[in-house]
>>> print(open('query_9.pdb').read())   # PDB, C-alpha atoms
ATOM      1  CA  MET A 295     -89.973   3.761-188.227  1.00  0.00           C
ATOM      2  CA  ASP A 296     -92.964   1.615-187.424  1.00  0.00           C
ATOM      3  CA  GLU A 297     -93.132  -1.665-185.498  1.00  0.00           C
ATOM      4  CA  VAL A 298     -92.458  -3.807-188.602  1.00  0.00           C
ATOM      5  CA  ASP A 299     -89.337  -1.779-189.473  1.00  0.00           C
ATOM      6  CA  ARG A 300     -88.231  -2.016-185.846  1.00  0.00           C
ATOM      7  CA  LYS A 301     -88.566  -5.814-185.861  1.00  0.00           C
ATOM      8  CA  ILE A 302     -86.681  -6.159-189.158  1.00  0.00           C
ATOM      9  CA  ILE A 303     -83.873  -3.872-188.007  1.00  0.00           C
ATOM     10  CA  SER A 304     -83.609  -5.485-184.567  1.00  0.00           C
ATOM     11  CA  GLN A 305     -83.382  -8.978-186.012  1.00  0.00           C
ATOM     12  CA  LEU A 306     -80.800  -8.007-188.634  1.00  0.00           C
ATOM     13  CA  GLN A 307     -78.722  -6.339-185.944  1.00  0.00           C
ATOM     14  CA  LEU A 308     -78.737  -9.613-184.015  1.00  0.00           C
ATOM     15  CA  ASP A 309     -78.073 -11.718-187.121  1.00  0.00           C
ATOM     16  CA  GLY A 310     -77.494 -10.070-190.490  1.00  0.00           C
ATOM     17  CA  ARG A 311     -77.817 -13.477-192.152  1.00  0.00           C
ATOM     18  CA  THR A 312     -81.415 -14.024-191.066  1.00  0.00           C
ATOM     19  CA  THR A 313     -83.366 -15.442-194.018  1.00  0.00           C
ATOM     20  CA  LEU A 314     -86.375 -13.672-195.491  1.00  0.00           C
ATOM     21  CA  GLU A 315     -88.475 -16.639-194.388  1.00  0.00           C
ATOM     22  CA  ASP A 316     -87.376 -16.243-190.771  1.00  0.00           C
ATOM     23  CA  LEU A 317     -87.794 -12.448-190.921  1.00  0.00           C
ATOM     24  CA  ALA A 318     -91.328 -12.960-192.270  1.00  0.00           C
ATOM     25  CA  LYS A 319     -92.195 -15.150-189.278  1.00  0.00           C
ATOM     26  CA  ILE A 320     -90.859 -12.507-186.900  1.00  0.00           C
ATOM     27  CA  VAL A 321     -92.781  -9.603-188.441  1.00  0.00           C
ATOM     28  CA  GLY A 322     -95.911 -11.526-189.378  1.00  0.00           C
ATOM     29  CA  TYR A 323     -95.727 -10.774-193.110  1.00  0.00           C
ATOM     30  CA  THR A 324     -95.238 -13.011-196.138  1.00  0.00           C
ATOM     31  CA  SER A 325     -91.687 -13.473-197.419  1.00  0.00           C
ATOM     32  CA  MET A 326     -92.514 -11.188-200.365  1.00  0.00           C
ATOM     33  CA  GLY A 327     -94.006  -8.507-198.078  1.00  0.00           C
ATOM     34  CA  THR A 328     -90.973  -8.686-195.819  1.00  0.00           C
ATOM     35  CA  LYS A 329     -88.632  -8.474-198.816  1.00  0.00           C
ATOM     36  CA  LYS A 330     -90.436  -5.321-200.014  1.00  0.00           C
ATOM     37  CA  ARG A 331     -90.170  -3.709-196.556  1.00  0.00           C
ATOM     38  CA  LEU A 332     -86.498  -4.630-196.308  1.00  0.00           C
ATOM     39  CA  GLN A 333     -85.772  -3.327-199.804  1.00  0.00           C
ATOM     40  CA  LYS A 334     -87.605  -0.084-199.003  1.00  0.00           C
ATOM     41  CA  LEU A 335     -85.397   0.437-195.929  1.00  0.00           C
ATOM     42  CA  ILE A 336     -82.284  -0.223-198.016  1.00  0.00           C
ATOM     43  CA  ASN A 337     -83.428   2.037-200.888  1.00  0.00           C
ATOM     44  CA  GLN A 338     -84.181   4.879-198.455  1.00  0.00           C
ATOM     45  CA  ASN A 339     -80.619   4.530-197.143  1.00  0.00           C
ATOM     46  CA  ALA A 340     -82.151   3.857-193.712  1.00  0.00           C
ATOM     47  CA  ILE A 341     -80.196   0.614-193.237  1.00  0.00           C
ATOM     48  CA  LYS A 342     -77.285  -1.213-194.762  1.00  0.00           C
ATOM     49  CA  VAL A 343     -76.631  -4.894-194.275  1.00  0.00           C
ATOM     50  CA  SER A 344     -72.871  -5.471-194.056  1.00  0.00           C
ATOM     51  CA  ALA A 345     -70.153  -7.374-192.225  1.00  0.00           C
ATOM     52  CA  LEU A 346     -68.777  -5.795-189.070  1.00  0.00           C
ATOM     53  CA  ILE A 347     -65.465  -6.875-187.562  1.00  0.00           C
ATOM     54  CA  ASN A 348     -64.427  -7.344-183.958  1.00  0.00           C
ATOM     55  CA  PRO A 349     -61.037  -5.557-184.098  1.00  0.00           C
ATOM     56  CA  PHE A 350     -59.714  -7.474-181.104  1.00  0.00           C
ATOM     57  CA  SER A 351     -60.306 -10.823-182.870  1.00  0.00           C
ATOM     58  CA  PHE A 352     -57.882  -9.669-185.568  1.00  0.00           C
ATOM     59  CA  LYS A 353     -55.486  -8.113-183.041  1.00  0.00           C
ATOM     60  CA  LEU A 354     -56.293  -4.613-184.322  1.00  0.00           C
ATOM     61  CA  LEU A 355     -55.921  -1.699-181.929  1.00  0.00           C
ATOM     62  CA  PRO A 356     -58.673   0.943-182.119  1.00  0.00           C
ATOM     63  CA  ALA A 357     -58.204   4.519-180.942  1.00  0.00           C
ATOM     64  CA  ILE A 358     -60.175   7.753-180.705  1.00  0.00           C
ATOM     65  CA  VAL A 359     -58.678  10.935-182.170  1.00  0.00           C
ATOM     66  CA  MET A 360     -60.196  14.230-181.046  1.00  0.00           C
ATOM     67  CA  LEU A 361     -59.458  17.323-183.120  1.00  0.00           C
ATOM     68  CA  GLU A 362     -60.283  20.976-182.713  1.00  0.00           C
ATOM     69  CA  MET A 363     -60.287  22.465-186.195  1.00  0.00           C
ATOM     70  CA  GLU A 364     -59.791  26.204-186.707  1.00  0.00           C
ATOM     71  CA  SER A 365     -62.256  26.534-189.598  1.00  0.00           C
ATOM     72  CA  ALA A 366     -64.918  24.754-191.600  1.00  0.00           C
ATOM     73  CA  GLU A 367     -62.552  24.789-194.579  1.00  0.00           C
ATOM     74  CA  ALA A 368     -59.769  23.073-192.613  1.00  0.00           C
ATOM     75  CA  MET A 369     -62.301  20.524-191.353  1.00  0.00           C
ATOM     76  CA  GLN A 370     -63.533  19.728-194.869  1.00  0.00           C
ATOM     77  CA  ASN A 371     -59.972  19.465-196.206  1.00  0.00           C
ATOM     78  CA  LEU A 372     -59.052  16.972-193.483  1.00  0.00           C
ATOM     79  CA  ILE A 373     -62.187  14.894-194.088  1.00  0.00           C
ATOM     80  CA  GLU A 374     -61.468  14.869-197.819  1.00  0.00           C
ATOM     81  CA  ARG A 375     -57.812  13.916-197.251  1.00  0.00           C
ATOM     82  CA  PHE A 376     -58.753  10.835-195.210  1.00  0.00           C
ATOM     83  CA  LYS A 377     -61.965   9.755-196.988  1.00  0.00           C
ATOM     84  CA  ASP A 378     -60.225   6.716-198.547  1.00  0.00           C
ATOM     85  CA  CYS A 379     -57.965   5.863-195.617  1.00  0.00           C
ATOM     86  CA  PRO A 380     -58.453   2.198-194.614  1.00  0.00           C
ATOM     87  CA  ARG A 381     -57.436   2.951-191.018  1.00  0.00           C
ATOM     88  CA  VAL A 382     -60.057   5.640-190.431  1.00  0.00           C
ATOM     89  CA  VAL A 383     -63.246   3.802-189.470  1.00  0.00           C
ATOM     90  CA  HIS A 384     -65.417   6.858-188.746  1.00  0.00           C
ATOM     91  CA  ILE A 385     -65.133  10.630-188.595  1.00  0.00           C
ATOM     92  CA  PHE A 386     -67.807  12.502-186.656  1.00  0.00           C
ATOM     93  CA  LYS A 387     -68.443  16.247-186.848  1.00  0.00           C
ATOM     94  CA  THR A 388     -69.421  17.508-183.414  1.00  0.00           C
ATOM     95  CA  ILE A 389     -70.444  20.710-181.703  1.00  0.00           C
ATOM     96  CA  GLY A 390     -68.117  21.684-178.913  1.00  0.00           C
ATOM     97  CA  GLY A 391     -64.437  22.131-178.154  1.00  0.00           C
ATOM     98  CA  TYR A 392     -63.342  19.217-180.295  1.00  0.00           C
ATOM     99  CA  ASN A 393     -65.324  19.492-183.503  1.00  0.00           C
ATOM    100  CA  LEU A 394     -64.030  16.340-185.218  1.00  0.00           C
ATOM    101  CA  ILE A 395     -63.751  12.952-183.573  1.00  0.00           C
ATOM    102  CA  ALA A 396     -62.350   9.970-185.448  1.00  0.00           C
ATOM    103  CA  LEU A 397     -62.241   6.262-184.768  1.00  0.00           C
ATOM    104  CA  VAL A 398     -59.090   4.662-186.192  1.00  0.00           C
ATOM    105  CA  VAL A 399     -57.484   1.204-186.125  1.00  0.00           C
ATOM    106  CA  ALA A 400     -53.892  -0.021-186.302  1.00  0.00           C
ATOM    107  CA  GLU A 401     -52.297  -3.444-186.584  1.00  0.00           C
ATOM    108  CA  ASP A 402     -49.869  -3.115-183.673  1.00  0.00           C
ATOM    109  CA  GLN A 403     -48.619  -0.688-181.022  1.00  0.00           C
ATOM    110  CA  ASP A 404     -45.849   0.756-183.213  1.00  0.00           C
ATOM    111  CA  THR A 405     -48.237   1.423-186.100  1.00  0.00           C
ATOM    112  CA  LEU A 406     -50.730   2.962-183.664  1.00  0.00           C
ATOM    113  CA  GLU A 407     -47.962   5.309-182.563  1.00  0.00           C
ATOM    114  CA  SER A 408     -47.166   6.126-186.209  1.00  0.00           C
ATOM    115  CA  ILE A 409     -50.758   7.027-187.029  1.00  0.00           C
ATOM    116  CA  SER A 410     -50.739   9.213-183.928  1.00  0.00           C
ATOM    117  CA  LEU A 411     -47.565  11.151-184.751  1.00  0.00           C
ATOM    118  CA  GLU A 412     -46.418  10.883-188.356  1.00  0.00           C
ATOM    119  CA  LYS A 413     -47.296  12.727-191.579  1.00  0.00           C
ATOM    120  CA  CYS A 414     -50.058  10.169-192.226  1.00  0.00           C
ATOM    121  CA  SER A 415     -51.746  11.054-188.925  1.00  0.00           C
ATOM    122  CA  LEU A 416     -55.084  12.836-188.732  1.00  0.00           C
ATOM    123  CA  ARG A 417     -53.304  15.082-186.249  1.00  0.00           C
ATOM    124  CA  SER A 418     -50.801  16.247-188.885  1.00  0.00           C
ATOM    125  CA  GLY A 419     -53.393  18.153-190.915  1.00  0.00           C
ATOM    126  CA  VAL A 420     -53.337  21.877-191.533  1.00  0.00           C
ATOM    127  CA  GLY A 421     -55.722  23.945-189.430  1.00  0.00           C
ATOM    128  CA  ILE A 422     -55.712  21.846-186.268  1.00  0.00           C
ATOM    129  CA  ARG A 423     -55.680  23.920-183.086  1.00  0.00           C
ATOM    130  CA  ARG A 424     -55.310  21.002-180.692  1.00  0.00           C
ATOM    131  CA  SER A 425     -55.765  17.244-180.645  1.00  0.00           C
ATOM    132  CA  GLU A 426     -55.873  14.275-178.318  1.00  0.00           C
ATOM    133  CA  PHE A 427     -55.320  10.591-179.044  1.00  0.00           C
ATOM    134  CA  TYR A 428     -56.836   7.823-176.922  1.00  0.00           C
ATOM    135  CA  PRO A 429     -56.147   4.112-177.542  1.00  0.00           C
ATOM    136  CA  ILE A 430     -59.263   2.065-176.706  1.00  0.00           C
ATOM    137  CA  GLY A 431     -58.985  -0.675-174.072  1.00  0.00           C
ATOM    138  CA  ASP A 432     -62.419  -2.287-174.351  1.00  0.00           C
ATOM    139  CA  ILE A 433     -65.568  -1.830-176.422  1.00  0.00           C
ATOM    140  CA  HIS A 434     -68.815  -2.461-174.561  1.00  0.00           C
ATOM    141  CA  PHE A 435     -72.274  -3.528-175.775  1.00  0.00           C
ATOM    142  CA  SER A 436     -71.086  -4.493-179.287  1.00  0.00           C
ATOM    143  CA  PRO A 437     -67.417  -4.906-180.153  1.00  0.00           C
ATOM    144  CA  PHE A 438     -68.099  -4.908-183.894  1.00  0.00           C
ATOM    145  CA  LEU A 439     -66.898  -2.062-186.120  1.00  0.00           C
ATOM    146  CA  PRO A 440     -67.228  -1.408-189.853  1.00  0.00           C
ATOM    147  CA  ILE A 441     -63.522  -1.759-190.671  1.00  0.00           C
ATOM    148  CA  ARG A 442     -63.042  -0.459-194.220  1.00  0.00           C
ATOM    149  CA  GLU A 443     -61.292  -3.562-195.574  1.00  0.00           C
ATOM    150  CA  ASN A 444     -62.526  -2.732-199.089  1.00  0.00           C
ATOM    151  CA  LEU A 445     -59.991   0.127-199.195  1.00  0.00           C
ATOM    152  CA  THR A 446     -56.963  -2.115-198.535  1.00  0.00           C
ATOM    153  CA  HIS A 447     -56.217  -2.842-202.196  1.00  0.00           C
ATOM    154  CA  LYS A 448     -52.412  -2.503-201.905  1.00  0.00           C
ATOM    155  CA  GLU A 449     -52.031  -1.045-205.401  1.00  0.00           C
ATOM    156  CA  ARG A 450     -50.944   2.550-204.801  1.00  0.00           C
ATOM    157  CA  THR A 451     -47.412   3.852-204.355  1.00  0.00           C
ATOM    158  CA  VAL A 452     -48.679   6.859-202.363  1.00  0.00           C
ATOM    159  CA  ALA A 453     -51.325   6.552-199.632  1.00  0.00           C
ATOM    160  CA  PRO A 454     -54.785   8.116-200.114  1.00  0.00           C
ATOM    161  CA  CYS A 455     -53.713  10.861-197.657  1.00  0.00           C
ATOM    162  CA  LYS A 456     -50.872  11.708-200.129  1.00  0.00           C
ATOM    163  CA  VAL A 457     -48.074  10.374-197.894  1.00  0.00           C
ATOM    164  CA  ASP A 458     -45.411   8.033-199.307  1.00  0.00           C
ATOM    165  CA  CYS A 459     -44.528   5.284-196.805  1.00  0.00           C
ATOM    166  CA  GLY A 460     -41.232   4.411-198.565  1.00  0.00           C
ATOM    167  CA  PRO A 461     -39.053   7.247-197.235  1.00  0.00           C
ATOM    168  CA  CYS A 462     -40.694   7.305-193.766  1.00  0.00           C
ATOM    169  CA  THR A 463     -38.158   6.549-191.015  1.00  0.00           C
ATOM    170  CA  ARG A 464     -40.675   4.609-188.895  1.00  0.00           C
ATOM    171  CA  TYR A 465     -41.575   2.454-191.919  1.00  0.00           C
ATOM    172  CA  LYS A 466     -37.916   1.829-192.787  1.00  0.00           C
ATOM    173  CA  THR A 467     -37.128   0.782-189.198  1.00  0.00           C
ATOM    174  CA  LYS A 468     -40.167  -1.561-189.146  1.00  0.00           C
ATOM    175  CA  LYS A 469     -42.027   0.538-186.556  1.00  0.00           C
ATOM    176  CA  CYS A 470     -44.979   0.905-188.932  1.00  0.00           C
ATOM    177  CA  THR A 471     -46.632  -1.591-191.264  1.00  0.00           C
ATOM    178  CA  GLY A 472     -47.247   1.099-193.890  1.00  0.00           C
ATOM    179  CA  CYS A 473     -50.557   2.099-195.437  1.00  0.00           C
ATOM    180  CA  PRO A 474     -52.899  -0.804-196.295  1.00  0.00           C
ATOM    181  CA  ALA A 475     -53.824   0.932-199.554  1.00  0.00           C
ATOM    182  CA  THR A 476     -50.223   0.879-200.849  1.00  0.00           C
ATOM    183  CA  MET A 477     -47.733  -1.643-202.180  1.00  0.00           C
ATOM    184  CA  HIS A 478     -45.493  -0.808-199.187  1.00  0.00           C
ATOM    185  CA  TYR A 479     -47.931  -2.461-196.771  1.00  0.00           C
ATOM    186  CA  LYS A 480     -46.609  -5.281-194.549  1.00  0.00           C
ATOM    187  CA  GLY A 481     -49.576  -5.878-192.250  1.00  0.00           C
ATOM    188  CA  LEU A 482     -52.598  -8.133-191.870  1.00  0.00           C
ATOM    189  CA  LEU A 483     -55.435  -6.023-193.293  1.00  0.00           C
TER     190      LEU A 483
END
>>> encode(input="query_9.pdb", output="structure tokens")
Amino acid sequence: MDEVDRKIISQLQLDGRTTLEDLAKIVGYTSMGTKKRLQKLINQNAIKVSALINPFSFKLLPAIVMLEMESAEAMQNLIERFKDCPRVVHIFKTIGGYNLIALVVAEDQDTLESISLEKCSLRSGVGIRRSEFYPIGDIHFSPFLPIRENLTHKERTVAPCKVDCGPCTRYKTKKCTGCPATMHYKGLL
């Protein structure tokens, strides 16, 4: 990353809608030169320009899930199971006691409890030695998260994690909004 890349990235982090003309003024290039540099960063998969969401503005409740997996196979199976889950914002592989850490979101306190305890929970996977679940009170520095709204298509009968919301007791008693990727969903995503 050189100084021009740094300026482009910094400006887009402040305002992802900055025009090429304004970016060119900031970096001291022509609009075409700036466009080429920007496109190069995108093509190298170094940056992605996208919309981030402040979860608190939409009354979403984020939480951190820490998991100690017993094997690499169990870890990969869990990652694969939740790869299309709209509630899982990020999964990080780590080195240490907890070797998977996930950032998740829920629409309300009851649904947050469901995704902590039920069959659709990251914590319900096979091969988990121990887990902890921490609801997030505040997000500092930047409250914006890449909520995976594109996965909330509401077309499936069974969730991407292979759980059917229909027979779930918490769903039936309205203590869970259901999976945003299924036709059972009754939430805001």
>>> atom_distance(input="query_9.pdb", atom1="CA of Leu406 in chain A", atom2="CA of Cys459 in chain A")
14.7 Å
>>> residues_around(input="query_9.pdb", residues="Arg331 in chain A", least_positions_apart="5", cutoff="9 Å", atoms="only C-alpha atoms", output="tab-separated table (two decimals) with C-alpha atoms, keeping the file's coordinate frame")
chain	number	residue	atom	x	y	z
A	298	VAL	CA	-92.46	-3.81	-188.60
A	299	ASP	CA	-89.34	-1.78	-189.47
A	302	ILE	CA	-86.68	-6.16	-189.16
A	326	MET	CA	-92.51	-11.19	-200.36
A	336	ILE	CA	-82.28	-0.22	-198.02
>>> residues_near_point(input="query_9.pdb", point="(-49.5, 12.8, -193.9)", cutoff="12 Å", atoms="all atoms listed in the file", output="count of residues only")
28
>>> atom_distance(input="query_9.pdb", atom1="CA of Gln338 in chain A", atom2="CA of Met295 in chain A")
11.8 Å
>>> closest_atom_pairs(input="query_9.pdb", of="range 346-420 of chain A", to="range 425-443 of chain A", cutoff="8 Å", atoms="all atoms listed in the file", output="tab-separated table")
residue	atom	partner	partner_atom	distance
A:Leu346	CA	A:Pro440	CA	4.7
A:Ile347	CA	A:Phe438	CA	4.9
A:Asn348	CA	A:Phe438	CA	4.4
A:Pro349	CA	A:Phe438	CA	7.1
A:Leu355	CA	A:Ile430	CA	7.3
A:Pro356	CA	A:Ile430	CA	5.6
A:Ala357	CA	A:Pro429	CA	4.0
A:Ile358	CA	A:Tyr428	CA	5.0
A:Val359	CA	A:Phe427	CA	4.6
A:Met360	CA	A:Glu426	CA	5.1
A:Leu361	CA	A:Ser425	CA	4.4
A:Glu362	CA	A:Ser425	CA	6.2
A:Pro380	CA	A:Arg442	CA	5.3
A:Arg381	CA	A:Arg442	CA	7.3
A:Val382	CA	A:Arg442	CA	7.8
A:Val383	CA	A:Ile441	CA	5.7
A:Tyr392	CA	A:Ser425	CA	7.8
A:Ser410	CA	A:Phe427	CA	6.8
A:Arg417	CA	A:Ser425	CA	6.5
>>> residues_around(input="query_9.pdb", residues="Ile320 in chain A", least_positions_apart="2", cutoff="12 Å", atoms="all atoms listed in the file", output="PDB file with C-alpha atoms, keeping the file's coordinate frame")
ATOM      1  CA  GLU A 297     -93.132  -1.665-185.498  1.00  0.00           C
ATOM      2  CA  VAL A 298     -92.458  -3.807-188.602  1.00  0.00           C
ATOM      3  CA  ASP A 299     -89.337  -1.779-189.473  1.00  0.00           C
ATOM      4  CA  ARG A 300     -88.231  -2.016-185.846  1.00  0.00           C
ATOM      5  CA  LYS A 301     -88.566  -5.814-185.861  1.00  0.00           C
ATOM      6  CA  ILE A 302     -86.681  -6.159-189.158  1.00  0.00           C
ATOM      7  CA  ILE A 303     -83.873  -3.872-188.007  1.00  0.00           C
ATOM      8  CA  SER A 304     -83.609  -5.485-184.567  1.00  0.00           C
ATOM      9  CA  GLN A 305     -83.382  -8.978-186.012  1.00  0.00           C
ATOM     10  CA  LEU A 306     -80.800  -8.007-188.634  1.00  0.00           C
ATOM     11  CA  THR A 312     -81.415 -14.024-191.066  1.00  0.00           C
ATOM     12  CA  THR A 313     -83.366 -15.442-194.018  1.00  0.00           C
ATOM     13  CA  LEU A 314     -86.375 -13.672-195.491  1.00  0.00           C
ATOM     14  CA  GLU A 315     -88.475 -16.639-194.388  1.00  0.00           C
ATOM     15  CA  ASP A 316     -87.376 -16.243-190.771  1.00  0.00           C
ATOM     16  CA  LEU A 317     -87.794 -12.448-190.921  1.00  0.00           C
ATOM     17  CA  ALA A 318     -91.328 -12.960-192.270  1.00  0.00           C
ATOM     18  CA  GLY A 322     -95.911 -11.526-189.378  1.00  0.00           C
ATOM     19  CA  TYR A 323     -95.727 -10.774-193.110  1.00  0.00           C
ATOM     20  CA  THR A 324     -95.238 -13.011-196.138  1.00  0.00           C
ATOM     21  CA  SER A 325     -91.687 -13.473-197.419  1.00  0.00           C
ATOM     22  CA  THR A 328     -90.973  -8.686-195.819  1.00  0.00           C
TER      23      THR A 328
END
>>> closest_residue(input="query_9.pdb", among="A:Pro461, A:Ala475, A:Cys470, A:Asp296", to="Glu449 in chain A", atoms="all atoms listed in the file")
A:Ala475
>>> closest_residue(input="query_9.pdb", among="A:Thr446, A:Gln333, A:Gln403, A:Asn339", to="Asp378 in chain A", atoms="all atoms listed in the file")
A:Thr446
>>> resolve_selection(input="query_9.pdb", expression="the PyMOL selection byres ((chain A and resi 354) around 8)", output="short mmCIF file (atom, residue, chain, number, x, y, z; two decimals) with C-alpha atoms, in the coordinates of the input")
data_model
loop_
_atom_site.label_atom_id
_atom_site.label_comp_id
_atom_site.auth_asym_id
_atom_site.auth_seq_id
_atom_site.Cartn_x
_atom_site.Cartn_y
_atom_site.Cartn_z
CA PRO A 349 -61.04 -5.56 -184.10
CA PHE A 350 -59.71 -7.47 -181.10
CA SER A 351 -60.31 -10.82 -182.87
CA PHE A 352 -57.88 -9.67 -185.57
CA LYS A 353 -55.49 -8.11 -183.04
CA LEU A 355 -55.92 -1.70 -181.93
CA PRO A 356 -58.67 0.94 -182.12
CA VAL A 399 -57.48 1.20 -186.12
CA ALA A 400 -53.89 -0.02 -186.30
CA GLU A 401 -52.30 -3.44 -186.58
CA ASP A 402 -49.87 -3.12 -183.67
#
>>> atom_distance(input="query_9.pdb", atom1="CA of Gly481 in chain A", atom2="CA of Asp404 in chain A")
11.8 Å
>>> axis_aligned_box(input="query_9.pdb", around="range 428-440 of chain A", padding_each_side="3 Å", output="AutoDock Vina command-line options")
--center_x -64.2 --center_y 1.5 --center_z -182.0 --size_x 22.1 --size_y 18.7 --size_z 21.8
>>> closest_residue(input="query_9.pdb", among="A:Met363, A:Gln307, A:Lys387, A:Ile395", to="Ile341 in chain A", atoms="all atoms listed in the file")
A:Gln307
>>> residues_near_point(input="query_9.pdb", point="(-65.0, 20.4, -189.1)", cutoff="10 Å", atoms="all atoms listed in the file", output="PyMOL selection string")
chain A and resi 361-373+385-389+392-395+421-422
>>> closest_residue(input="query_9.pdb", among="A:Lys377, A:Gly391, A:Gly327, A:Lys468", to="Arg424 in chain A", atoms="only C-alpha atoms")
A:Gly391
>>> decode(input="query_9.pdb", residues="range 400-447 of chain A", atoms="C-alpha atoms", output="PDB file, in the first residue's frame")
ATOM      1  CA  ALA A 400     -30.651 -10.623  16.357  1.00  0.00           C
ATOM      2  CA  GLU A 401     -33.813  -8.563  16.046  1.00  0.00           C
ATOM      3  CA  ASP A 402     -34.831  -8.638  19.713  1.00  0.00           C
ATOM      4  CA  GLN A 403     -33.864 -10.071  23.102  1.00  0.00           C
ATOM      5  CA  ASP A 404     -35.927 -13.253  22.688  1.00  0.00           C
ATOM      6  CA  THR A 405     -34.412 -14.003  19.279  1.00  0.00           C
ATOM      7  CA  LEU A 406     -30.941 -13.287  20.678  1.00  0.00           C
ATOM      8  CA  GLU A 407     -31.655 -15.887  23.346  1.00  0.00           C
ATOM      9  CA  SER A 408     -32.837 -18.345  20.672  1.00  0.00           C
ATOM     10  CA  ILE A 409     -29.677 -17.973  18.608  1.00  0.00           C
ATOM     11  CA  SER A 410     -27.721 -18.531  21.811  1.00  0.00           C
ATOM     12  CA  LEU A 411     -29.489 -21.731  22.876  1.00  0.00           C
ATOM     13  CA  GLU A 412     -31.513 -23.422  20.152  1.00  0.00           C
ATOM     14  CA  LYS A 413     -30.690 -25.883  17.354  1.00  0.00           C
ATOM     15  CA  CYS A 414     -29.971 -22.929  15.041  1.00  0.00           C
ATOM     16  CA  SER A 415     -27.266 -21.650  17.402  1.00  0.00           C
ATOM     17  CA  LEU A 416     -23.580 -21.696  16.528  1.00  0.00           C
ATOM     18  CA  ARG A 417     -23.181 -23.260  19.958  1.00  0.00           C
ATOM     19  CA  SER A 418     -25.293 -26.285  18.978  1.00  0.00           C
ATOM     20  CA  GLY A 419     -22.735 -27.627  16.503  1.00  0.00           C
ATOM     21  CA  VAL A 420     -20.988 -30.961  16.800  1.00  0.00           C
ATOM     22  CA  GLY A 421     -17.416 -30.857  18.071  1.00  0.00           C
ATOM     23  CA  ILE A 422     -17.688 -27.863  20.387  1.00  0.00           C
ATOM     24  CA  ARG A 423     -15.780 -28.301  23.642  1.00  0.00           C
ATOM     25  CA  ARG A 424     -16.976 -25.086  25.260  1.00  0.00           C
ATOM     26  CA  SER A 425     -18.569 -21.793  24.284  1.00  0.00           C
ATOM     27  CA  GLU A 426     -19.424 -18.372  25.628  1.00  0.00           C
ATOM     28  CA  PHE A 427     -21.997 -15.857  24.424  1.00  0.00           C
ATOM     29  CA  TYR A 428     -21.663 -12.117  25.026  1.00  0.00           C
ATOM     30  CA  PRO A 429     -24.333  -9.591  23.968  1.00  0.00           C
ATOM     31  CA  ILE A 430     -22.666  -6.319  22.914  1.00  0.00           C
ATOM     32  CA  GLY A 431     -23.631  -3.117  24.743  1.00  0.00           C
ATOM     33  CA  ASP A 432     -21.774  -0.522  22.671  1.00  0.00           C
ATOM     34  CA  ILE A 433     -19.538  -0.465  19.604  1.00  0.00           C
ATOM     35  CA  HIS A 434     -16.750   2.109  19.701  1.00  0.00           C
ATOM     36  CA  PHE A 435     -14.836   3.888  16.918  1.00  0.00           C
ATOM     37  CA  SER A 436     -17.234   2.791  14.141  1.00  0.00           C
ATOM     38  CA  PRO A 437     -20.648   1.307  14.868  1.00  0.00           C
ATOM     39  CA  PHE A 438     -21.090   0.078  11.296  1.00  0.00           C
ATOM     40  CA  LEU A 439     -21.158  -3.642  10.484  1.00  0.00           C
ATOM     41  CA  PRO A 440     -21.538  -5.549   7.215  1.00  0.00           C
ATOM     42  CA  ILE A 441     -24.936  -7.079   8.013  1.00  0.00           C
ATOM     43  CA  ARG A 442     -25.583  -9.769   5.394  1.00  0.00           C
ATOM     44  CA  GLU A 443     -28.987  -8.466   4.280  1.00  0.00           C
ATOM     45  CA  ASN A 444     -28.486 -10.067   0.852  1.00  0.00           C
ATOM     46  CA  LEU A 445     -29.062 -13.480   2.472  1.00  0.00           C
ATOM     47  CA  THR A 446     -32.513 -12.588   3.861  1.00  0.00           C
ATOM     48  CA  HIS A 447     -34.470 -13.763   0.815  1.00  0.00           C
TER      49      HIS A 447
END
